[in-house]
Amino acid sequence: MTITLTLNGKKITDQISADCLLIDFLRSHGALSVKRGCETSNCGLCTVFLNDVPVLSCSMLAARADGQTVTTLEGLQDEAEEFGAFIADQGAEQCGFCNPGFIMNAIALLRENPSPTDDEIREYLAGNLCRCSGYEGQLRGIRAFIDYRQERSRS
């Protein structure tokens, strides 16, 4: 079957098998930030935006993205780089394997709720598995980024 979608601002048309997962389609088109972790929709490593809504690409058929817009971390470089510096500053990236999915979900959270409470942050990011940290560094990094953005907007 043939599908056409917009990936990180670029229109792509390709032939796929009916059982092709979105994660495999994206990785075959250079979106290597989309990682395979659990393959059970539990770790968040494969998170991408489908029409600006976070979805788990390991549990979605590529055919369902036909005609849609898909954004990966590669398509959010400026936003992700700025935010990622705050995570790194808190020592929360350790091995870094979970960072792409974590950053995608944190960006989605902050777009939806620019001033979340700590409990709202924890709830929104509950589906992100990090095997290295206790999540407190990530929480501190998000909180520092929110404070930075609020200070910058007041200036």
# chains A, B, ... in the order shown; residues from 1 in each chain; ligands from 1
>>> closest_atom_pairs(of="range 47-101 of chain A", to="range 23-33 of chain A", cutoff="6 Å", atoms="only C-alpha atoms", output="JSON lines")
{"residue": "A:Ser57", "atom": "CA", "partner": "A:Ile23", "partner_atom": "CA", "distance": 4.8}
{"residue": "A:Cys58", "atom": "CA", "partner": "A:Ile23", "partner_atom": "CA", "distance": 5.3}
{"residue": "A:Pro100", "atom": "CA", "partner": "A:Ser33", "partner_atom": "CA", "distance": 6.0}
>>> atom_distance(atom1="CA of Gly37 in chain A", atom2="CA of Gly96 in chain A")
12.9 Å
>>> closest_atom_pairs(of="range 11-65 of chain A", to="range 101-117 of chain A", cutoff="10 Å", atoms="only C-alpha atoms", output="tab-separated table")
residue	atom	partner	partner_atom	distance
A:Ser33	CA	A:Gly101	CA	8.2
A:Val34	CA	A:Gly101	CA	7.4
A:Lys35	CA	A:Gly101	CA	7.9
A:Cys43	CA	A:Gly101	CA	8.5
A:Gly44	CA	A:Gly101	CA	5.4
A:Leu45	CA	A:Gly101	CA	4.3
A:Cys46	CA	A:Gly101	CA	5.9
A:Thr47	CA	A:Gly101	CA	5.0
A:Val48	CA	A:Met104	CA	6.7
A:Phe49	CA	A:Met104	CA	7.8
A:Asp52	CA	A:Ala108	CA	7.9
A:Val53	CA	A:Ala108	CA	7.3
A:Pro54	CA	A:Ala108	CA	6.8
A:Val55	CA	A:Asn105	CA	9.3
A:Leu56	CA	A:Gly101	CA	9.2
>>> write_last_selection(atoms="C-alpha atoms", output="PDB file, in the first residue's frame")
ATOM      1  CA  SER A  33      15.590   9.590  17.668  1.00  0.00           C
ATOM      2  CA  VAL A  34      12.511   7.336  17.685  1.00  0.00           C
ATOM      3  CA  LYS A  35      13.699   4.388  19.720  1.00  0.00           C
ATOM      4  CA  CYS A  43       8.226   2.988  28.097  1.00  0.00           C
ATOM      5  CA  GLY A  44       7.603   6.140  26.018  1.00  0.00           C
ATOM      6  CA  LEU A  45      10.851   5.840  24.031  1.00  0.00           C
ATOM      7  CA  CYS A  46       9.001   5.809  20.708  1.00  0.00           C
ATOM      8  CA  THR A  47       6.917   8.951  21.358  1.00  0.00           C
ATOM      9  CA  VAL A  48       6.272  11.176  18.342  1.00  0.00           C
ATOM     10  CA  PHE A  49       3.721  13.882  17.612  1.00  0.00           C
ATOM     11  CA  ASP A  52       0.883  17.772  17.451  1.00  0.00           C
ATOM     12  CA  VAL A  53      -0.490  15.077  19.809  1.00  0.00           C
ATOM     13  CA  PRO A  54       1.975  12.642  21.421  1.00  0.00           C
ATOM     14  CA  VAL A  55       1.505   9.019  20.325  1.00  0.00           C
ATOM     15  CA  LEU A  56       3.487   5.823  20.803  1.00  0.00           C
TER      16      LEU A  56
END
>>> select_by_dssp(residues="chain A", states="strand (DSSP E)", output="PyMOL selection string")
chain A and resi 2-7+10-15+47-50+53-56+69-71
>>> write_last_selection(atoms="C-alpha atoms", output="compact mmCIF listing (two decimals), in the first residue's frame")
# COMPACT_ATOMS: atom_id res chain seq x y z
CA THR A 2 1.09 3.57 -0.59
CA ILE A 3 1.02 6.20 2.13
CA THR A 4 1.84 9.88 2.11
CA LEU A 5 2.58 11.85 5.22
CA THR A 6 4.48 14.93 6.28
CA LEU A 7 7.51 14.04 8.41
CA LYS A 10 8.82 17.16 4.47
CA LYS A 11 6.18 15.32 2.44
CA ILE A 12 7.01 11.63 2.01
CA THR A 13 5.29 9.03 -0.14
CA ASP A 14 6.32 5.41 0.23
CA GLN A 15 5.17 1.84 -0.27
CA THR A 47 6.92 8.95 21.36
CA VAL A 48 6.27 11.18 18.34
CA PHE A 49 3.72 13.88 17.61
CA LEU A 50 0.89 12.97 15.26
CA VAL A 53 -0.49 15.08 19.81
CA PRO A 54 1.98 12.64 21.42
CA VAL A 55 1.51 9.02 20.33
CA LEU A 56 3.49 5.82 20.80
CA THR A 69 1.70 15.23 10.03
CA VAL A 70 4.33 13.43 12.11
CA THR A 71 6.97 15.28 14.11
>>> select_by_dssp(residues="range 4-126 of chain A", states="alpha helix (DSSP H)", output="count of residues only")
41
>>> atom_distance(atom1="CA of Gln90 in chain A", atom2="CA of Gly141 in chain A")
5.8 Å
>>> closest_residue(among="A:Ile16, A:Leu73, A:Leu139, A:Cys132", to="Phe97 in chain A", atoms="only C-alpha atoms")
A:Cys132
>>> atom_distance(atom1="CA of Leu76 in chain A", atom2="CA of Gly91 in chain A")
21.8 Å
>>> closest_residue(among="A:Ile87, A:Cys38, A:Leu22, A:Ile121", to="Ala65 in chain A", atoms="only C-alpha atoms")
A:Leu22
>>> closest_residue(among="A:Glu39, A:Leu61, A:Tyr135, A:Glu74", to="Leu21 in chain A", atoms="only C-alpha atoms")
A:Leu61
>>> closest_residue(among="A:Asp19, A:Gln68, A:Cys98, A:Ser153", to="Gly127 in chain A", atoms="only C-alpha atoms")
A:Cys98
>>> closest_residue(among="A:Asn8, A:Phe86, A:Arg122, A:Asn51", to="Asp147 in chain A", atoms="only C-alpha atoms")
A:Phe86
